[in-house]
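So the structure is just underneath, and the comments pick up after that.
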Amino acid sequence: MNFHLKPLDLSALANDKTDILLVFVTDDFKPAADALSGWIDTTVKHGDFRAKSGASLELYRPTDLQCKRLVLLSLGPGHAADTKKMLSTALTRLKSTEPRQLTLSFLSKPTDAVLRAALSTLCDVSYVYTTTKSKAEVRSLHRVDIFAPLDQALRNTFTQAVATIQGVELAREWGNRPANHATPAKLAQAARALAEFPNTRCKVLGPKAVAALGMGAFQAVAQGSDEPLRFIELRYQGTTKSTAPVVLVGKGVTFDSGGISIKPAAEMDEMKFDMCGAASVLGVFQALGQLQPKINVVGLIPACENLPSGRSVKPGDVVTSMSGQTIEVLNTDAEGRLILCDALTYAARFKPCAVVDIATLTGACVIALGSVRSGLFCNDAALSAALQQAGETSLDPCWSMPLDDEYAQGLKTAFADVANVAGRPGGAITGAKFLQRFAGKAPWAHLDIAGTAWNSGKDKGATGRPVGLLVAYLMALAGKRV
Ligand code: BES
Ligand code: MN
Ligand code: ZN
């Protein structure tokens, strides 16, 4: 999809031969002499459209306008969340008309949040998954023109929003791919492709190199599958080498059957989404590659399958992590933390300013927070605040969860330094407490995206979250440093 930002020009809009001309009308609208103004003025004067009410009005081939459909939308109270809701309803309704071109116009300057919300909604609604369909119905929308009263700040918001959207789409794409089309090796290829961007490098380790590093916990998960593991290291260097990087660690379990502690059959297919943390890291690197901010970022992805076989790790097995800590694997379905703990240990070598891991870690987090907010677990107040703020501004919100040491009680065992599961109570928190043992000196945060990374049911599919949150966090950081 191509996006173009243009200064507001009502007569150009009237002459726009677009499939859908969508106009956000505000109360202070002052008509000019052009045909579009005439239409808006008429509908407002006759009480058929109230700019404040959350209303919408659709006209088919209105006279003196060149568009096929004119859609007037009120901005409601002007909150980004309202923009998202209204635009999503209007576009979903018009999806069957298969528009190729869409023009979106703001008659008065939108806030940054409203522009971001509008762009991301456009993308979400028009997205079509095609990769494994033989006769793909492709995305009809090719071109989006946006008209608004412009200033430099809005241009920057636009650029960032478009790059974010492309990152979100990459994350959705890899999240949605079936496990046999998104193996650890294929994820590594996707990461390598990102190294085509300026200032971006990629290194991929296979089973031998991972064994040499002593990543015994990661290896234990991978050993049950015939599909060899990959450890992916992406590096984006946007500023001096000596600047401490942010390290992002994404859970890349390309299929989670549970292993010997096997999951029930119902909905097991959804465990192809268990690499959405990894996909979000790829999405962030896509956005970084395009935006080239003055920061350094490292992306780490341990990628493997979790399958039962004669070689699988068994309940009760004790493995040695890269940190030296021994782990009793009481439940092979708690595998995410096993692959992440070794990646967290590895992260220390970059002397990071912050480490953020992103993982579809626990069903318990879905029970706690549903699909609205990701779970945020953080041992540093400033990092926690920055991530929460980024979540709000990007409409990709998270919610801070506790990390009291008492929650780690259940991880004690007689047979190793730590067990990989505690009881069912507070399951999202005990998972985080396990990871915290492997976090180094740098501020650390864990995002449990089990409830937010994909939708189940009739709209089943990856959401691309939390790419929006992460890009907003990193761009705010870059803004502070220049
Ligand atoms: N990938 C799952 C978490 C998950 C489950 C995400 C359902 C979304 C929906 C993870 O590896 C897992 O199986 N976690 C276990 C942990 C338990 C054994 C302590 C879980 O949540 O049941
Ligand atoms: Mn599992
Ligand atoms: Zn899992």
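Labels for the structure tokens follow display order: chains A, B, ..., residues from 1 in each chain, ligands from 1.
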
Report task. Give as a PyMOL selection string the residues surrounding ligand 1 up to a distance of 8 Å, considering only C-alpha atoms and all ligand atoms. Result -> chain A and resi 253+256+258+263+270-271+274+331-337+360-366+420-424+427-428+431+449-451

The selected residues should be written to file as a JSON list (two decimals), in the first residue's frame (atoms: N, CA and C atoms).
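Written out: again24.json:
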[["chain", "number", "residue", "atom", "x", "y", "z"],
["A", 253, "VAL", "N", 8.87, -19.72, 19.50],
["A", 253, "VAL", "CA", 8.45, -21.12, 19.43],
["A", 253, "VAL", "C", 7.53, -21.24, 18.22],
["A", 256, "ASP", "N", 4.06, -24.85, 19.40],
["A", 256, "ASP", "CA", 4.10, -25.32, 20.78],
["A", 256, "ASP", "C", 3.01, -26.37, 21.01],
["A", 258, "GLY", "N", 3.26, -28.40, 23.41],
["A", 258, "GLY", "CA", 3.36, -28.69, 24.83],
["A", 258, "GLY", "C", 4.50, -29.68, 25.11],
["A", 263, "LYS", "N", -0.51, -30.65, 24.99],
["A", 263, "LYS", "CA", -1.73, -29.84, 25.11],
["A", 263, "LYS", "C", -2.92, -30.63, 24.57],
["A", 270, "GLU", "N", -3.64, -23.02, 17.17],
["A", 270, "GLU", "CA", -3.28, -21.63, 17.51],
["A", 270, "GLU", "C", -1.86, -21.51, 18.05],
["A", 271, "MET", "N", -1.27, -22.62, 18.39],
["A", 271, "MET", "CA", 0.11, -22.57, 18.90],
["A", 271, "MET", "C", 1.15, -22.33, 17.79],
["A", 274, "ASP", "N", 2.83, -19.04, 18.52],
["A", 274, "ASP", "CA", 3.70, -18.94, 19.69],
["A", 274, "ASP", "C", 5.06, -18.28, 19.37],
["A", 331, "ASN", "N", 7.27, -29.13, 33.82],
["A", 331, "ASN", "CA", 6.22, -29.15, 32.79],
["A", 331, "ASN", "C", 6.86, -28.71, 31.48],
["A", 332, "THR", "N", 6.86, -29.60, 30.51],
["A", 332, "THR", "CA", 7.55, -29.27, 29.25],
["A", 332, "THR", "C", 6.77, -28.23, 28.44],
["A", 333, "ASP", "N", 5.53, -27.95, 28.87],
["A", 333, "ASP", "CA", 4.73, -26.92, 28.19],
["A", 333, "ASP", "C", 5.10, -25.52, 28.67],
["A", 334, "ALA", "N", 5.87, -25.42, 29.72],
["A", 334, "ALA", "CA", 6.38, -24.10, 30.13],
["A", 334, "ALA", "C", 7.74, -23.92, 29.46],
["A", 335, "GLU", "N", 7.73, -23.94, 28.12],
["A", 335, "GLU", "CA", 8.98, -23.95, 27.35],
["A", 335, "GLU", "C", 9.47, -22.56, 26.99],
["A", 336, "GLY", "N", 8.55, -21.59, 26.95],
["A", 336, "GLY", "CA", 8.93, -20.24, 26.54],
["A", 336, "GLY", "C", 10.01, -19.68, 27.44],
["A", 337, "ARG", "N", 9.80, -19.85, 28.74],
["A", 337, "ARG", "CA", 10.77, -19.33, 29.71],
["A", 337, "ARG", "C", 12.12, -20.03, 29.59],
["A", 360, "THR", "N", 4.56, -14.78, 24.07],
["A", 360, "THR", "CA", 3.24, -15.37, 24.31],
["A", 360, "THR", "C", 3.47, -16.42, 25.39],
["A", 361, "LEU", "N", 3.63, -15.94, 26.64],
["A", 361, "LEU", "CA", 4.20, -16.82, 27.67],
["A", 361, "LEU", "C", 3.18, -17.67, 28.42],
["A", 362, "THR", "N", 2.04, -17.07, 28.78],
["A", 362, "THR", "CA", 1.12, -17.83, 29.66],
["A", 362, "THR", "C", -0.35, -17.66, 29.32],
["A", 363, "GLY", "N", -1.08, -18.77, 29.40],
["A", 363, "GLY", "CA", -2.53, -18.72, 29.32],
["A", 363, "GLY", "C", -3.09, -17.91, 30.48],
["A", 364, "ALA", "N", -2.37, -17.91, 31.60],
["A", 364, "ALA", "CA", -2.83, -17.17, 32.78],
["A", 364, "ALA", "C", -2.92, -15.66, 32.51],
["A", 365, "CYS", "N", -2.06, -15.17, 31.63],
["A", 365, "CYS", "CA", -2.11, -13.74, 31.31],
["A", 365, "CYS", "C", -3.36, -13.42, 30.50],
["A", 366, "VAL", "N", -3.80, -14.38, 29.69],
["A", 366, "VAL", "CA", -5.04, -14.20, 28.92],
["A", 366, "VAL", "C", -6.21, -14.10, 29.91],
["A", 420, "ASN", "N", 10.73, -24.95, 36.56],
["A", 420, "ASN", "CA", 10.22, -24.07, 35.50],
["A", 420, "ASN", "C", 8.74, -23.72, 35.67],
["A", 421, "VAL", "N", 8.06, -24.33, 36.64],
["A", 421, "VAL", "CA", 6.67, -23.93, 36.93],
["A", 421, "VAL", "C", 6.43, -23.90, 38.43],
["A", 422, "ALA", "N", 5.47, -23.06, 38.82],
["A", 422, "ALA", "CA", 4.94, -23.07, 40.18],
["A", 422, "ALA", "C", 3.49, -23.58, 40.03],
["A", 423, "GLY", "N", 2.62, -23.32, 40.96],
["A", 423, "GLY", "CA", 1.24, -23.81, 40.81],
["A", 423, "GLY", "C", 0.47, -22.96, 39.82],
["A", 424, "ARG", "N", -0.85, -23.16, 39.74],
["A", 424, "ARG", "CA", -1.67, -22.37, 38.82],
["A", 424, "ARG", "C", -1.88, -20.93, 39.27],
["A", 427, "GLY", "N", -0.19, -17.46, 37.59],
["A", 427, "GLY", "CA", 0.69, -18.12, 36.60],
["A", 427, "GLY", "C", 1.48, -17.17, 35.71],
["A", 428, "ALA", "N", 0.90, -16.02, 35.39],
["A", 428, "ALA", "CA", 1.63, -15.06, 34.54],
["A", 428, "ALA", "C", 2.78, -14.45, 35.33],
["A", 431, "GLY", "N", 5.68, -16.98, 35.98],
["A", 431, "GLY", "CA", 6.47, -17.06, 34.74],
["A", 431, "GLY", "C", 7.46, -15.92, 34.67],
["A", 449, "ILE", "N", 2.39, -11.28, 25.90],
["A", 449, "ILE", "CA", 1.45, -10.90, 24.85],
["A", 449, "ILE", "C", 0.53, -12.06, 24.45],
["A", 450, "ALA", "N", 0.39, -13.04, 25.37],
["A", 450, "ALA", "CA", -0.43, -14.22, 25.05],
["A", 450, "ALA", "C", -1.87, -13.84, 24.68],
["A", 451, "GLY", "N", -2.38, -12.77, 25.28],
["A", 451, "GLY", "CA", -3.77, -12.38, 25.00],
["A", 451, "GLY", "C", -3.92, -11.38, 23.86]]

**Report entry** Shell of 7 Å around segment 101-113 of chain A, only C-alpha atoms, local chain residues under 5 positions omitted, as a count of residues only
**Finding:** 21

Query raised in the report: Which is closer to ligand 2 than all the others in A:Gly457, A:Gly259, A:Gly175, A:Gly370, using only C-alpha atoms and all ligand atoms?
Result: A:Gly259

Requested in this report: For segment 222-234 of chain A, please output as a ChimeraX atom specification all residues within 6 Å (counting only C-alpha atoms; exclusion window: fewer than 2 positions along the same chain).
Outcome: /A:184,201-207,219-220,298-305,307-309,311-312

Query raised in the report: What separation in Å, quoted to one decimal, exists between atom CA of Ser56 of chain A and atom CA of Gly38 of chain A?
Result: 16.9 Å

Query raised in the report: Looking at A:Phe255, A:Phe350, A:Phe438, A:Phe285, which one is nearest to ligand 3, with distances taken over only C-alpha atoms and all ligand atoms?
Result: A:Phe255

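Restricting the calculation to only C-alpha atoms, the smallest distance between Leu70 of chain A and any of A:Trp39, A:Asp317, A:Lys460, A:Thr97 is found for A:Trp39.
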
Query - segment 135-242 of chain A: residues DSSP assigns to alpha helix (DSSP H), reported as a ChimeraX atom specification - result: /A:152-176,184-194,207-213,216-222

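Among the residues of segment 90-184 of chain A, backbone DSSP assigns strand (DSSP E or B) to Gln101, Leu102, Thr103, Leu104, Ser105, Phe106, Arg143, Val144, Asp145, Ile146, Phe147 and Ala148 of chain A.
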
Please dump the current selection as a short mmCIF file (atom, residue, chain, number, x, y, z; two decimals), in the first residue's frame; keep N, CA, C and O atoms.
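Saved to part_6.cif:
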data_model
loop_
_atom_site.label_atom_id
_atom_site.label_comp_id
_atom_site.auth_asym_id
_atom_site.auth_seq_id
_atom_site.Cartn_x
_atom_site.Cartn_y
_atom_site.Cartn_z
N GLN A 101 -8.51 2.68 -4.35
CA GLN A 101 -7.94 3.95 -3.92
C GLN A 101 -8.83 4.60 -2.89
O GLN A 101 -10.07 4.54 -3.01
N LEU A 102 -8.22 5.19 -1.91
CA LEU A 102 -8.99 5.82 -0.85
C LEU A 102 -8.35 7.16 -0.50
O LEU A 102 -7.12 7.27 -0.45
N THR A 103 -9.17 8.15 -0.34
CA THR A 103 -8.66 9.45 0.07
C THR A 103 -9.25 9.80 1.43
O THR A 103 -10.46 9.69 1.63
N LEU A 104 -8.38 10.18 2.33
CA LEU A 104 -8.81 10.50 3.69
C LEU A 104 -8.49 11.96 3.91
O LEU A 104 -7.36 12.39 3.69
N SER A 105 -9.50 12.74 4.31
CA SER A 105 -9.18 14.14 4.51
C SER A 105 -9.66 14.66 5.84
O SER A 105 -10.74 14.33 6.32
N PHE A 106 -8.80 15.46 6.43
CA PHE A 106 -9.10 16.11 7.70
C PHE A 106 -9.28 17.59 7.40
O PHE A 106 -8.39 18.23 6.86
N ARG A 143 -3.68 2.47 -2.90
CA ARG A 143 -3.19 3.82 -2.71
C ARG A 143 -4.07 4.57 -1.72
O ARG A 143 -5.30 4.52 -1.81
N VAL A 144 -3.42 5.24 -0.78
CA VAL A 144 -4.15 6.05 0.19
C VAL A 144 -3.56 7.46 0.17
O VAL A 144 -2.36 7.65 0.37
N ASP A 145 -4.41 8.44 -0.15
CA ASP A 145 -3.98 9.84 -0.08
C ASP A 145 -4.57 10.46 1.17
O ASP A 145 -5.75 10.26 1.47
N ILE A 146 -3.75 11.21 1.86
CA ILE A 146 -4.24 11.87 3.06
C ILE A 146 -4.08 13.37 2.91
O ILE A 146 -2.97 13.86 2.65
N PHE A 147 -5.18 14.07 3.02
CA PHE A 147 -5.16 15.53 2.95
C PHE A 147 -5.40 16.09 4.34
O PHE A 147 -6.34 15.69 5.01
N ALA A 148 -4.54 17.02 4.77
CA ALA A 148 -4.72 17.65 6.08
C ALA A 148 -3.94 18.95 6.10
O ALA A 148 -2.97 19.10 5.36
#

**Report entry** Atom-to-atom span, atom CA of Ser96 of chain A and atom CA of Val128 of chain A, Å
**Finding:** 12.8 Å

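Using only C-alpha atoms for every distance, the candidate list A:Tyr236, A:Phe158, A:Asn306, A:Gln292 yields A:Asn306 as the residue closest to Thr183 of chain A.
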
Requested in this report: Tell me which protein, DNA and RNA residues are within 8 Å of Ala55 of chain A, counting only C-alpha atoms, leaving out same-chain ones fewer than 2 positions away, and put them as a PyMOL selection string.
Outcome: chain A and resi 49-53+57+73-74+76

Taking N, CA, C and O atoms for each residue, export the selection above as a PDB file, in the first residue's frame.
ATOM      1  N   PHE A  49     -26.311  15.686   9.388  1.00  0.00           N
ATOM      2  CA  PHE A  49     -24.978  15.273   9.817  1.00  0.00           C
ATOM      3  C   PHE A  49     -24.506  16.203  10.928  1.00  0.00           C
ATOM      4  O   PHE A  49     -24.423  17.412  10.740  1.00  0.00           O
ATOM      5  N   ARG A  50     -24.259  15.633  12.084  1.00  0.00           N
ATOM      6  CA  ARG A  50     -23.766  16.463  13.179  1.00  0.00           C
ATOM      7  C   ARG A  50     -22.317  16.084  13.470  1.00  0.00           C
ATOM      8  O   ARG A  50     -22.023  14.934  13.777  1.00  0.00           O
ATOM      9  N   ALA A  51     -21.478  17.083  13.378  1.00  0.00           N
ATOM     10  CA  ALA A  51     -20.044  16.817  13.445  1.00  0.00           C
ATOM     11  C   ALA A  51     -19.612  16.233  14.782  1.00  0.00           C
ATOM     12  O   ALA A  51     -18.628  15.518  14.864  1.00  0.00           O
ATOM     13  N   LYS A  52     -20.383  16.512  15.825  1.00  0.00           N
ATOM     14  CA  LYS A  52     -19.950  16.077  17.155  1.00  0.00           C
ATOM     15  C   LYS A  52     -20.469  14.689  17.531  1.00  0.00           C
ATOM     16  O   LYS A  52     -20.003  14.086  18.477  1.00  0.00           O
ATOM     17  N   SER A  53     -21.411  14.210  16.781  1.00  0.00           N
ATOM     18  CA  SER A  53     -22.229  13.112  17.301  1.00  0.00           C
ATOM     19  C   SER A  53     -21.657  11.716  17.082  1.00  0.00           C
ATOM     20  O   SER A  53     -22.210  10.747  17.551  1.00  0.00           O
ATOM     21  N   LEU A  57     -22.212   9.556   7.152  1.00  0.00           N
ATOM     22  CA  LEU A  57     -23.174   9.728   6.075  1.00  0.00           C
ATOM     23  C   LEU A  57     -22.480   9.351   4.785  1.00  0.00           C
ATOM     24  O   LEU A  57     -21.348   9.758   4.540  1.00  0.00           O
ATOM     25  N   LEU A  73     -17.579  11.586   7.988  1.00  0.00           N
ATOM     26  CA  LEU A  73     -17.484  11.004   9.326  1.00  0.00           C
ATOM     27  C   LEU A  73     -17.269  12.129  10.315  1.00  0.00           C
ATOM     28  O   LEU A  73     -16.486  13.040  10.059  1.00  0.00           O
ATOM     29  N   SER A  74     -17.955  12.062  11.433  1.00  0.00           N
ATOM     30  CA  SER A  74     -17.664  13.060  12.463  1.00  0.00           C
ATOM     31  C   SER A  74     -16.449  12.576  13.243  1.00  0.00           C
ATOM     32  O   SER A  74     -16.185  11.377  13.309  1.00  0.00           O
ATOM     33  N   GLY A  76     -16.287  12.842  16.285  1.00  0.00           N
ATOM     34  CA  GLY A  76     -16.785  12.589  17.638  1.00  0.00           C
ATOM     35  C   GLY A  76     -16.126  13.546  18.603  1.00  0.00           C
ATOM     36  O   GLY A  76     -15.811  14.673  18.238  1.00  0.00           O
TER      37      GLY A  76
END

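Considering only C-alpha atoms and all ligand atoms, the residue among A:Asn199, A:Thr254, A:Thr43, A:Ser134 positioned nearest to ligand 3 is A:Thr254.
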
Applying 8 Å and only C-alpha atoms, which residues near Gln286 of chain A remain after dropping the ones on its own chain fewer than 4 positions away? List them as a compact mmCIF listing (two decimals) with N, CA, C and O atoms, in the first residue's frame.
# COMPACT_ATOMS: atom_id res chain seq x y z
N ALA A 163 5.84 3.72 8.78
CA ALA A 163 6.88 2.72 9.07
C ALA A 163 6.37 1.71 10.11
O ALA A 163 6.65 0.51 10.00
N GLN A 166 4.07 -0.81 8.54
CA GLN A 166 4.77 -1.83 7.76
C GLN A 166 5.42 -2.87 8.68
O GLN A 166 5.45 -4.06 8.35
N GLY A 167 5.86 -2.40 9.84
CA GLY A 167 6.38 -3.34 10.84
C GLY A 167 5.28 -4.24 11.38
O GLY A 167 5.47 -5.45 11.54
N LEU A 170 4.45 -6.88 8.83
CA LEU A 170 5.44 -7.96 8.76
C LEU A 170 5.22 -8.94 9.93
O LEU A 170 5.27 -10.15 9.76
N LEU A 194 16.02 -8.60 6.50
CA LEU A 194 15.96 -7.25 7.11
C LEU A 194 17.33 -6.59 7.16
O LEU A 194 17.44 -5.37 7.27
N LEU A 282 10.97 -8.80 14.53
CA LEU A 282 11.18 -8.57 13.09
C LEU A 282 10.47 -7.30 12.65
O LEU A 282 11.03 -6.48 11.90
N GLN A 290 13.53 1.59 8.26
CA GLN A 290 12.95 2.68 7.49
C GLN A 290 13.14 4.04 8.14
O GLN A 290 13.33 5.04 7.47

Query raised in the report: If we count only C-alpha atoms, what is near Gln66 of chain A at a cut-off of 6 Å, once residues fewer than 2 positions away on the same chain are taken out, given as an NGL selection string?
Result: :A and (15-17)

How about saving the chosen residues, all heavy atoms kept, as a short mmCIF file (atom, residue, chain, number, x, y, z; two decimals), in the first residue's frame?
data_model
loop_
_atom_site.label_atom_id
_atom_site.label_comp_id
_atom_site.auth_asym_id
_atom_site.auth_seq_id
_atom_site.Cartn_x
_atom_site.Cartn_y
_atom_site.Cartn_z
N ASN A 15 -12.16 17.24 -7.06
CA ASN A 15 -11.78 16.67 -8.36
C ASN A 15 -11.07 15.32 -8.26
O ASN A 15 -10.61 14.79 -9.26
CB ASN A 15 -10.86 17.66 -9.10
CG ASN A 15 -11.63 18.90 -9.51
OD1 ASN A 15 -12.79 18.81 -9.89
ND2 ASN A 15 -11.00 20.07 -9.37
N ASP A 16 -10.99 14.78 -7.07
CA ASP A 16 -10.27 13.53 -6.85
C ASP A 16 -11.10 12.34 -7.36
O ASP A 16 -12.20 12.09 -6.89
CB ASP A 16 -9.99 13.38 -5.34
CG ASP A 16 -9.00 12.29 -5.04
OD1 ASP A 16 -8.70 11.49 -5.94
OD2 ASP A 16 -8.52 12.24 -3.89
N LYS A 17 -10.52 11.60 -8.33
CA LYS A 17 -11.26 10.46 -8.91
C LYS A 17 -11.03 9.19 -8.09
O LYS A 17 -10.66 8.16 -8.62
CB LYS A 17 -10.79 10.21 -10.35
CG LYS A 17 -11.19 11.29 -11.32
CD LYS A 17 -11.05 10.78 -12.74
CE LYS A 17 -11.59 11.73 -13.76
NZ LYS A 17 -10.63 12.71 -14.26
#

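Minimum atom-to-atom distance to Cys67 of chain A, evaluated using only C-alpha atoms, belongs to A:Pro99 out of A:Gly324, A:Gly289, A:Pro99, A:Pro443.
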
Requested in this report: Quick one: everything within 10 Å of His79 of chain A, counting only C-alpha atoms, minus sequence neighbours fewer than 4 positions away in the same chain. Send it as a list in words.
Outcome: Leu75, Thr83, Lys84, Thr111, Ala113, Val114 and Ala117 of chain A
